[in-house]
Each structure stands twice: as structure tokens, then as C-alpha cells.
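Containing mmCIF, N, CA and C atoms: entry.cif.
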```cif
data_protein
loop_
_atom_site.label_atom_id
_atom_site.label_comp_id
_atom_site.auth_asym_id
_atom_site.auth_seq_id
_atom_site.Cartn_x
_atom_site.Cartn_y
_atom_site.Cartn_z
N THR A 1 -149.58 79.12 -70.81
CA THR A 1 -149.06 79.27 -72.17
C THR A 1 -150.09 80.03 -73.01
N ASP A 2 -149.65 81.06 -73.68
CA ASP A 2 -150.48 81.76 -74.65
C ASP A 2 -150.19 81.15 -76.01
N THR A 3 -151.24 80.75 -76.73
CA THR A 3 -151.02 80.10 -78.03
C THR A 3 -151.86 80.73 -79.14
N LEU A 4 -151.33 80.60 -80.32
CA LEU A 4 -152.05 80.93 -81.55
C LEU A 4 -152.18 79.61 -82.30
N ASN A 5 -153.42 79.20 -82.59
CA ASN A 5 -153.67 77.95 -83.29
C ASN A 5 -154.37 78.22 -84.61
N ILE A 6 -153.93 77.55 -85.64
CA ILE A 6 -154.56 77.63 -86.95
C ILE A 6 -154.83 76.20 -87.40
N ALA A 7 -156.05 75.93 -87.82
CA ALA A 7 -156.41 74.57 -88.26
C ALA A 7 -157.26 74.65 -89.51
N ASP A 8 -157.11 73.63 -90.35
CA ASP A 8 -157.90 73.55 -91.58
C ASP A 8 -158.04 72.08 -91.94
N ASP A 9 -159.19 71.70 -92.43
CA ASP A 9 -159.37 70.35 -92.94
C ASP A 9 -160.29 70.36 -94.14
N ALA A 10 -160.18 69.32 -94.93
CA ALA A 10 -161.00 69.21 -96.14
C ALA A 10 -161.27 67.73 -96.41
N ALA A 11 -162.44 67.46 -96.98
CA ALA A 11 -162.81 66.10 -97.36
C ALA A 11 -163.53 66.14 -98.70
N PHE A 12 -163.27 65.13 -99.50
CA PHE A 12 -163.88 65.02 -100.83
C PHE A 12 -164.24 63.55 -101.03
N ARG A 13 -165.49 63.30 -101.43
CA ARG A 13 -165.94 61.93 -101.67
C ARG A 13 -166.78 61.89 -102.94
N ILE A 14 -166.46 60.91 -103.80
CA ILE A 14 -167.24 60.71 -105.02
C ILE A 14 -167.04 59.28 -105.51
N SER A 15 -168.13 58.60 -105.80
CA SER A 15 -168.13 57.27 -106.41
C SER A 15 -167.18 56.29 -105.73
N GLY A 16 -167.18 56.25 -104.40
CA GLY A 16 -166.35 55.31 -103.66
C GLY A 16 -164.94 55.79 -103.36
N LEU A 17 -164.53 56.90 -103.93
CA LEU A 17 -163.21 57.46 -103.67
C LEU A 17 -163.34 58.54 -102.59
N SER A 18 -162.46 58.50 -101.60
CA SER A 18 -162.47 59.53 -100.56
C SER A 18 -161.06 60.09 -100.39
N LEU A 19 -160.99 61.40 -100.26
CA LEU A 19 -159.74 62.10 -100.01
C LEU A 19 -159.95 63.00 -98.80
N GLU A 20 -159.04 62.95 -97.85
CA GLU A 20 -159.13 63.80 -96.67
C GLU A 20 -157.76 64.39 -96.38
N THR A 21 -157.76 65.59 -95.85
CA THR A 21 -156.52 66.23 -95.44
C THR A 21 -156.80 67.19 -94.29
N ALA A 22 -155.80 67.40 -93.48
CA ALA A 22 -155.92 68.35 -92.38
C ALA A 22 -154.56 68.99 -92.13
N PHE A 23 -154.60 70.21 -91.61
CA PHE A 23 -153.39 70.97 -91.30
C PHE A 23 -153.60 71.67 -89.97
N PHE A 24 -152.56 71.71 -89.15
CA PHE A 24 -152.64 72.39 -87.86
C PHE A 24 -151.32 73.10 -87.58
N ARG A 25 -151.38 74.32 -87.13
CA ARG A 25 -150.19 75.12 -86.79
C ARG A 25 -150.39 75.70 -85.41
N ARG A 26 -149.36 75.62 -84.59
CA ARG A 26 -149.44 76.15 -83.22
C ARG A 26 -148.16 76.91 -82.91
N GLN A 27 -148.33 78.09 -82.34
CA GLN A 27 -147.21 78.89 -81.88
C GLN A 27 -147.59 79.45 -80.52
N GLY A 28 -146.71 79.28 -79.55
CA GLY A 28 -147.05 79.72 -78.21
C GLY A 28 -145.90 80.36 -77.46
N THR A 29 -146.26 81.04 -76.39
CA THR A 29 -145.29 81.63 -75.48
C THR A 29 -145.60 81.09 -74.09
N ARG A 30 -144.63 80.46 -73.48
CA ARG A 30 -144.82 79.90 -72.15
C ARG A 30 -144.49 80.96 -71.11
N ASN A 31 -145.48 81.33 -70.31
CA ASN A 31 -145.31 82.31 -69.24
C ASN A 31 -145.28 81.56 -67.92
N THR A 32 -144.12 81.06 -67.55
CA THR A 32 -144.01 80.16 -66.40
C THR A 32 -143.90 80.87 -65.07
N GLY A 33 -143.52 82.13 -65.09
CA GLY A 33 -143.26 82.79 -63.81
C GLY A 33 -142.01 82.20 -63.20
N ASP A 34 -141.98 82.03 -61.90
CA ASP A 34 -140.84 81.43 -61.20
C ASP A 34 -141.32 80.23 -60.39
N PRO A 35 -141.61 79.09 -61.03
CA PRO A 35 -142.15 77.95 -60.30
C PRO A 35 -141.10 77.33 -59.37
N VAL A 36 -141.53 77.03 -58.15
CA VAL A 36 -140.66 76.38 -57.17
C VAL A 36 -141.44 75.24 -56.51
N ASP A 37 -140.69 74.24 -56.02
CA ASP A 37 -141.33 73.13 -55.31
C ASP A 37 -141.49 73.49 -53.84
N GLU A 38 -141.94 72.54 -53.01
CA GLU A 38 -142.20 72.81 -51.59
C GLU A 38 -140.94 73.21 -50.83
N ALA A 39 -139.77 72.77 -51.33
CA ALA A 39 -138.51 73.10 -50.67
C ALA A 39 -137.94 74.43 -51.16
N GLY A 40 -138.62 75.07 -52.09
CA GLY A 40 -138.15 76.34 -52.63
C GLY A 40 -137.19 76.19 -53.79
N GLU A 41 -136.99 74.96 -54.26
CA GLU A 41 -136.10 74.71 -55.39
C GLU A 41 -136.83 75.05 -56.70
N SER A 42 -136.08 75.58 -57.64
CA SER A 42 -136.65 75.94 -58.93
C SER A 42 -137.10 74.69 -59.69
N ILE A 43 -138.27 74.75 -60.31
CA ILE A 43 -138.80 73.63 -61.10
C ILE A 43 -138.54 73.93 -62.57
N PRO A 44 -137.84 73.03 -63.27
CA PRO A 44 -137.60 73.26 -64.70
C PRO A 44 -138.91 73.15 -65.49
N THR A 45 -139.06 73.96 -66.49
CA THR A 45 -140.25 73.92 -67.34
C THR A 45 -139.85 73.63 -68.77
N GLU A 46 -140.75 73.03 -69.50
CA GLU A 46 -140.51 72.73 -70.90
C GLU A 46 -140.95 73.91 -71.76
N PRO A 47 -140.32 74.07 -72.91
CA PRO A 47 -140.78 75.13 -73.82
C PRO A 47 -142.14 74.78 -74.41
N ALA A 48 -142.81 75.77 -74.95
CA ALA A 48 -144.10 75.55 -75.61
C ALA A 48 -143.92 74.59 -76.79
N ARG A 49 -144.94 73.81 -77.08
CA ARG A 49 -144.87 72.84 -78.18
C ARG A 49 -145.29 73.52 -79.48
N ASP A 50 -144.35 74.26 -80.05
CA ASP A 50 -144.59 74.99 -81.30
C ASP A 50 -144.28 74.12 -82.50
N GLY A 51 -145.10 74.23 -83.50
CA GLY A 51 -144.84 73.49 -84.73
C GLY A 51 -146.09 73.37 -85.57
N MET A 52 -146.04 72.43 -86.51
CA MET A 52 -147.18 72.19 -87.38
C MET A 52 -147.35 70.70 -87.62
N GLY A 53 -148.54 70.35 -88.05
CA GLY A 53 -148.83 68.96 -88.38
C GLY A 53 -149.80 68.90 -89.52
N TYR A 54 -149.76 67.81 -90.23
CA TYR A 54 -150.70 67.61 -91.33
C TYR A 54 -150.84 66.11 -91.60
N TYR A 55 -151.91 65.75 -92.30
CA TYR A 55 -152.05 64.39 -92.81
C TYR A 55 -152.83 64.43 -94.10
N GLY A 56 -152.65 63.40 -94.90
CA GLY A 56 -153.42 63.17 -96.10
C GLY A 56 -153.85 61.71 -96.11
N GLN A 57 -155.09 61.47 -96.47
CA GLN A 57 -155.62 60.10 -96.48
C GLN A 57 -156.46 59.88 -97.71
N VAL A 58 -156.31 58.72 -98.31
CA VAL A 58 -157.11 58.34 -99.47
C VAL A 58 -157.76 56.99 -99.18
N GLY A 59 -159.00 56.85 -99.62
CA GLY A 59 -159.71 55.59 -99.44
C GLY A 59 -160.47 55.24 -100.71
N PHE A 60 -160.66 53.94 -100.93
CA PHE A 60 -161.41 53.49 -102.10
C PHE A 60 -162.33 52.36 -101.68
N LEU A 61 -163.63 52.57 -101.87
CA LEU A 61 -164.65 51.57 -101.58
C LEU A 61 -164.80 50.70 -102.82
N VAL A 62 -164.47 49.42 -102.69
CA VAL A 62 -164.50 48.50 -103.82
C VAL A 62 -165.94 48.40 -104.34
N PRO A 63 -166.15 48.58 -105.66
CA PRO A 63 -167.51 48.54 -106.22
C PRO A 63 -168.23 47.22 -105.92
N LYS A 64 -169.48 47.34 -105.49
CA LYS A 64 -170.38 46.22 -105.19
C LYS A 64 -169.85 45.29 -104.10
N GLN A 65 -168.91 45.79 -103.29
CA GLN A 65 -168.37 45.03 -102.17
C GLN A 65 -168.38 45.93 -100.93
N PRO A 66 -168.56 45.35 -99.75
CA PRO A 66 -168.53 46.16 -98.53
C PRO A 66 -167.10 46.34 -97.98
N LEU A 67 -166.13 46.56 -98.87
CA LEU A 67 -164.72 46.62 -98.50
C LEU A 67 -164.11 47.94 -98.94
N GLU A 68 -163.38 48.58 -98.03
CA GLU A 68 -162.68 49.83 -98.33
C GLU A 68 -161.19 49.65 -98.06
N ILE A 69 -160.36 50.18 -98.94
CA ILE A 69 -158.91 50.16 -98.81
C ILE A 69 -158.46 51.61 -98.56
N THR A 70 -157.59 51.82 -97.58
CA THR A 70 -157.16 53.17 -97.23
C THR A 70 -155.64 53.26 -97.12
N ALA A 71 -155.13 54.48 -97.29
CA ALA A 71 -153.71 54.78 -97.06
C ALA A 71 -153.63 56.17 -96.44
N ARG A 72 -152.64 56.37 -95.58
CA ARG A 72 -152.53 57.64 -94.85
C ARG A 72 -151.06 57.97 -94.60
N PHE A 73 -150.74 59.27 -94.70
CA PHE A 73 -149.42 59.78 -94.35
C PHE A 73 -149.60 61.05 -93.54
N GLY A 74 -148.83 61.19 -92.47
CA GLY A 74 -148.93 62.39 -91.65
C GLY A 74 -147.61 62.72 -90.99
N GLN A 75 -147.46 63.99 -90.60
CA GLN A 75 -146.24 64.44 -89.93
C GLN A 75 -146.54 65.51 -88.88
N LEU A 76 -145.74 65.51 -87.82
CA LEU A 76 -145.63 66.62 -86.87
C LEU A 76 -144.23 67.19 -87.07
N ILE A 77 -144.13 68.51 -87.23
CA ILE A 77 -142.84 69.14 -87.50
C ILE A 77 -142.62 70.25 -86.48
N SER A 78 -141.57 70.12 -85.71
CA SER A 78 -141.21 71.10 -84.70
C SER A 78 -140.79 72.41 -85.35
N SER A 79 -141.02 73.52 -84.65
CA SER A 79 -140.61 74.82 -85.19
C SER A 79 -139.15 75.14 -84.87
N GLY A 80 -138.45 74.26 -84.19
CA GLY A 80 -137.03 74.50 -83.93
C GLY A 80 -136.62 74.10 -82.52
N ALA A 81 -135.42 74.52 -82.15
CA ALA A 81 -134.83 74.13 -80.87
C ALA A 81 -135.62 74.66 -79.67
N GLU A 82 -136.35 75.76 -79.83
CA GLU A 82 -137.11 76.33 -78.72
C GLU A 82 -138.43 75.61 -78.47
N SER A 83 -138.77 74.63 -79.31
CA SER A 83 -140.05 73.93 -79.20
C SER A 83 -139.92 72.68 -78.34
N GLY A 84 -140.95 72.38 -77.56
CA GLY A 84 -141.02 71.14 -76.81
C GLY A 84 -141.57 69.99 -77.64
N LEU A 85 -141.91 70.26 -78.89
CA LEU A 85 -142.47 69.26 -79.81
C LEU A 85 -141.33 68.61 -80.59
N SER A 86 -141.40 67.30 -80.77
CA SER A 86 -140.39 66.62 -81.57
C SER A 86 -141.01 66.18 -82.91
N ASP A 87 -140.17 66.05 -83.92
CA ASP A 87 -140.63 65.63 -85.24
C ASP A 87 -141.08 64.17 -85.21
N LYS A 88 -142.24 63.90 -85.82
CA LYS A 88 -142.79 62.54 -85.89
C LYS A 88 -143.48 62.37 -87.23
N SER A 89 -143.43 61.16 -87.76
CA SER A 89 -144.10 60.84 -89.02
C SER A 89 -144.84 59.52 -88.90
N GLU A 90 -145.87 59.34 -89.75
CA GLU A 90 -146.62 58.09 -89.78
C GLU A 90 -146.99 57.75 -91.21
N LEU A 91 -147.02 56.46 -91.50
CA LEU A 91 -147.44 55.95 -92.80
C LEU A 91 -148.25 54.70 -92.53
N GLY A 92 -149.46 54.62 -93.10
CA GLY A 92 -150.31 53.48 -92.79
C GLY A 92 -151.17 53.02 -93.94
N LEU A 93 -151.57 51.75 -93.86
CA LEU A 93 -152.50 51.13 -94.80
C LEU A 93 -153.60 50.47 -93.98
N GLY A 94 -154.84 50.49 -94.51
CA GLY A 94 -155.93 49.91 -93.77
C GLY A 94 -156.98 49.25 -94.65
N LEU A 95 -157.75 48.38 -94.02
CA LEU A 95 -158.90 47.72 -94.66
C LEU A 95 -160.10 47.88 -93.73
N ASN A 96 -161.24 48.23 -94.30
CA ASN A 96 -162.49 48.32 -93.56
C ASN A 96 -163.51 47.41 -94.22
N TYR A 97 -164.16 46.57 -93.43
CA TYR A 97 -165.21 45.69 -93.94
C TYR A 97 -166.51 46.10 -93.26
N TYR A 98 -167.51 46.47 -94.08
CA TYR A 98 -168.78 46.99 -93.57
C TYR A 98 -169.83 45.88 -93.58
N PHE A 99 -170.20 45.39 -92.39
CA PHE A 99 -171.26 44.40 -92.28
C PHE A 99 -172.62 45.05 -92.49
N ALA A 100 -172.79 46.23 -91.91
CA ALA A 100 -174.05 46.97 -92.00
C ALA A 100 -173.73 48.47 -92.07
N GLN A 101 -173.03 48.87 -93.09
CA GLN A 101 -172.57 50.25 -93.28
C GLN A 101 -171.72 50.69 -92.08
N HIS A 102 -171.73 51.98 -91.75
CA HIS A 102 -170.86 52.46 -90.67
C HIS A 102 -171.22 51.94 -89.28
N PRO A 103 -172.49 51.66 -88.95
CA PRO A 103 -172.80 51.21 -87.59
C PRO A 103 -172.17 49.87 -87.21
N MET A 104 -171.86 49.01 -88.18
CA MET A 104 -171.25 47.72 -87.86
C MET A 104 -170.16 47.44 -88.88
N LYS A 105 -168.90 47.59 -88.43
CA LYS A 105 -167.78 47.40 -89.35
C LYS A 105 -166.57 46.84 -88.61
N LEU A 106 -165.73 46.17 -89.36
CA LEU A 106 -164.47 45.65 -88.86
C LEU A 106 -163.36 46.44 -89.55
N GLN A 107 -162.45 46.99 -88.75
CA GLN A 107 -161.36 47.79 -89.29
C GLN A 107 -160.02 47.16 -88.90
N ALA A 108 -159.08 47.14 -89.84
CA ALA A 108 -157.73 46.65 -89.56
C ALA A 108 -156.76 47.60 -90.25
N ASP A 109 -155.68 47.91 -89.54
CA ASP A 109 -154.67 48.76 -90.18
C ASP A 109 -153.28 48.44 -89.66
N TYR A 110 -152.31 48.83 -90.46
CA TYR A 110 -150.90 48.72 -90.12
C TYR A 110 -150.28 50.10 -90.27
N PHE A 111 -149.55 50.55 -89.26
CA PHE A 111 -148.87 51.84 -89.31
C PHE A 111 -147.41 51.69 -88.95
N ARG A 112 -146.60 52.52 -89.59
CA ARG A 112 -145.19 52.68 -89.26
C ARG A 112 -145.03 54.10 -88.73
N PHE A 113 -144.48 54.23 -87.52
CA PHE A 113 -144.24 55.52 -86.88
C PHE A 113 -142.74 55.71 -86.73
N TRP A 114 -142.25 56.91 -87.02
CA TRP A 114 -140.83 57.20 -86.83
C TRP A 114 -140.63 58.66 -86.47
N GLY A 115 -139.47 58.94 -85.90
CA GLY A 115 -139.16 60.29 -85.48
C GLY A 115 -137.94 60.83 -86.18
N GLU A 116 -137.19 61.62 -85.48
CA GLU A 116 -136.04 62.31 -86.05
C GLU A 116 -134.92 61.35 -86.46
N ASP A 117 -134.90 60.13 -85.90
CA ASP A 117 -133.86 59.16 -86.23
C ASP A 117 -134.09 58.47 -87.56
N GLY A 118 -135.24 58.65 -88.17
CA GLY A 118 -135.50 58.11 -89.49
C GLY A 118 -136.42 56.90 -89.50
N PHE A 119 -136.87 56.55 -90.69
CA PHE A 119 -137.83 55.47 -90.92
C PHE A 119 -137.34 54.14 -90.35
N GLY A 120 -136.05 53.86 -90.51
CA GLY A 120 -135.48 52.59 -90.06
C GLY A 120 -135.48 52.42 -88.55
N GLU A 121 -135.59 53.50 -87.81
CA GLU A 121 -135.58 53.45 -86.35
C GLU A 121 -136.99 53.57 -85.76
N GLY A 122 -138.00 53.35 -86.59
CA GLY A 122 -139.37 53.54 -86.15
C GLY A 122 -139.97 52.34 -85.46
N ALA A 123 -141.27 52.43 -85.21
CA ALA A 123 -142.03 51.36 -84.56
C ALA A 123 -143.24 51.01 -85.42
N ASP A 124 -143.65 49.75 -85.34
CA ASP A 124 -144.79 49.26 -86.10
C ASP A 124 -145.99 49.07 -85.18
N GLN A 125 -147.18 49.27 -85.76
CA GLN A 125 -148.41 49.06 -85.00
C GLN A 125 -149.43 48.37 -85.91
N VAL A 126 -150.03 47.29 -85.41
CA VAL A 126 -151.13 46.63 -86.10
C VAL A 126 -152.35 46.74 -85.19
N ARG A 127 -153.48 47.12 -85.77
CA ARG A 127 -154.68 47.36 -84.97
C ARG A 127 -155.87 46.71 -85.66
N ILE A 128 -156.72 46.06 -84.87
CA ILE A 128 -157.98 45.49 -85.36
C ILE A 128 -159.08 46.00 -84.43
N GLN A 129 -160.16 46.50 -85.03
CA GLN A 129 -161.23 47.11 -84.23
C GLN A 129 -162.57 46.71 -84.81
N LEU A 130 -163.49 46.29 -83.96
CA LEU A 130 -164.86 46.01 -84.37
C LEU A 130 -165.73 47.13 -83.81
N GLN A 131 -166.49 47.78 -84.69
CA GLN A 131 -167.37 48.88 -84.26
C GLN A 131 -168.82 48.46 -84.37
N LEU A 132 -169.55 48.62 -83.28
CA LEU A 132 -170.99 48.38 -83.24
C LEU A 132 -171.62 49.65 -82.68
N ALA A 133 -172.50 50.25 -83.46
CA ALA A 133 -173.16 51.49 -83.01
C ALA A 133 -174.66 51.33 -83.12
N TYR A 134 -175.34 51.93 -82.17
CA TYR A 134 -176.81 51.88 -82.19
C TYR A 134 -177.34 53.24 -82.48
#
```
Target format C-alpha cells, applied to this file:
Amino acid sequence: TDTLNIADDAAFRISGLSLETAFFRRQGTRNTGDPVDEAGESIPTEPARDGMGYYGQVGFLVPKQPLEITARFGQLISSGAESGLSDKSELGLGLNYYFAQHPMKLQADYFRFWGEDGFGEGADQVRIQLQLAY
């Protein structure tokens, strides 16, 4: 597959407030040739995963507390019927508790993921992670 990729990200932090965003665009051409299996039968190939994605995230570090509250929204958007990529969205909320700044923290978040069928047909995810770094 020959692809053209474009990516951009930005981050801004001041006085406990953090804003982050990222954007990604991909367009490709799949050059499959004539793939066949051992029996000589044609092997179906998927189209290139063309589309774009982005996310935005905001966080707030509670003053004089080792606690951060975060929210995030992101999407993958297919470029159309010729793309092997399907539309997906995510919406999440999180809490981070810093025992010793970033090297030792407890993170918890809840996310809702959904696709082309809509928010009501999505899936939920709850995650808890303890990070210890040396």
C-alpha cells in the first residue's frame, strides 16, 4: 500500500489546566497485484484504510491536591465506501491521583465507544492503572 500521511498535535498547559489535541489523515492506494493461495484461488483483499482521526482532551489539576480530572473526545472518520476503515467515536472521563508526581500515580477512567450504529449501540470500558516508574 502506498500512503500519504499527515499528522499534527498540540499541547497547552498553564496553572493546572491542560489542553491537548491531535489530528491524523491517511490516504492510500492498495497495490495488491494478483494474490492467490496455494491452490491458485484468488485471495480477496481489503481496500486501504483511508480516512482521518482526531481527539481533544482537557485536564485540570485540582489546586493544592494531587488529583487531576480529565475529559476526552475522539473520532475516526472513513473517507467513504472505498475505505477499509470504519467510523468510530469515543468519549471519556478520567481521574489521576499522583502519589509522587508522574513516576507513581493511580489512573482511572471510563470510556464510551461507538461506531456507525450510534451512541446507543456502543460499548463501555472502565480501566484502573497503577504506574510505577524508576
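When the PyMOL selection byres ((chain A and resi 46) around 8) is run on the displayed coordinates, the residues it returns are Arg30, Ile43, Pro44, Thr45, Pro47, Ala48, Arg49, Glu82, Ser83 and Gly84 of chain A.
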Excluding region 6-16 of chain A and its own-chain neighbours fewer than 3 positions away, which residues fall within 6 Å of it when counting all atoms listed in the file? Please give them as a short mmCIF file (atom, residue, chain, number, x, y, z; two decimals) with N, CA and C atoms, in the coordinates of the input.
```cif
data_model
loop_
_atom_site.label_atom_id
_atom_site.label_comp_id
_atom_site.auth_asym_id
_atom_site.auth_seq_id
_atom_site.Cartn_x
_atom_site.Cartn_y
_atom_site.Cartn_z
N LEU A 19 -160.99 61.40 -100.26
CA LEU A 19 -159.74 62.10 -100.01
C LEU A 19 -159.95 63.00 -98.80
N GLU A 20 -159.04 62.95 -97.85
CA GLU A 20 -159.13 63.80 -96.67
C GLU A 20 -157.76 64.39 -96.38
N THR A 21 -157.76 65.59 -95.85
CA THR A 21 -156.52 66.23 -95.44
C THR A 21 -156.80 67.19 -94.29
N ALA A 22 -155.80 67.40 -93.48
CA ALA A 22 -155.92 68.35 -92.38
C ALA A 22 -154.56 68.99 -92.13
N PHE A 23 -154.60 70.21 -91.61
CA PHE A 23 -153.39 70.97 -91.30
C PHE A 23 -153.60 71.67 -89.97
N PHE A 24 -152.56 71.71 -89.15
CA PHE A 24 -152.64 72.39 -87.86
C PHE A 24 -151.32 73.10 -87.58
N ARG A 25 -151.38 74.32 -87.13
CA ARG A 25 -150.19 75.12 -86.79
C ARG A 25 -150.39 75.70 -85.41
N ARG A 26 -149.36 75.62 -84.59
CA ARG A 26 -149.44 76.15 -83.22
C ARG A 26 -148.16 76.91 -82.91
N GLY A 59 -159.00 56.85 -99.62
CA GLY A 59 -159.71 55.59 -99.44
C GLY A 59 -160.47 55.24 -100.71
N PHE A 60 -160.66 53.94 -100.93
CA PHE A 60 -161.41 53.49 -102.10
C PHE A 60 -162.33 52.36 -101.68
N LEU A 61 -163.63 52.57 -101.87
CA LEU A 61 -164.65 51.57 -101.58
C LEU A 61 -164.80 50.70 -102.82
#
```
Practice prompt. Can you work out which one of A:Lys105, A:Lys88, A:Arg112, A:Arg72 has the shortest atom-to-atom distance to Gly56 (chain A), counting all atoms listed in the file?
Written response: A:Arg72
Discussion item. Let me make sure I understand: among A:Gln101, A:Ser42, A:Ser79, A:Asn96, which one has the smallest atom-to-atom distance to Leu67 (chain A) if we use all atoms listed in the file?
Written reply: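 Once distances to Leu67 (chain A) are computed over all atoms listed in the file, the minimum belongs to A:Asn96.
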Item to complete: Name the residues that the PyMOL selection byres (((chain A and resi 124 and name CA) around 10) and name CA) picks from the file above, as a list in words, using the file's chain letters and numbers.
Response: Glu90, Leu91, Gly92, Tyr110, Phe111, Arg112, Phe113, Trp114, Gly122, Ala123, Gln125 and Val126 of chain A
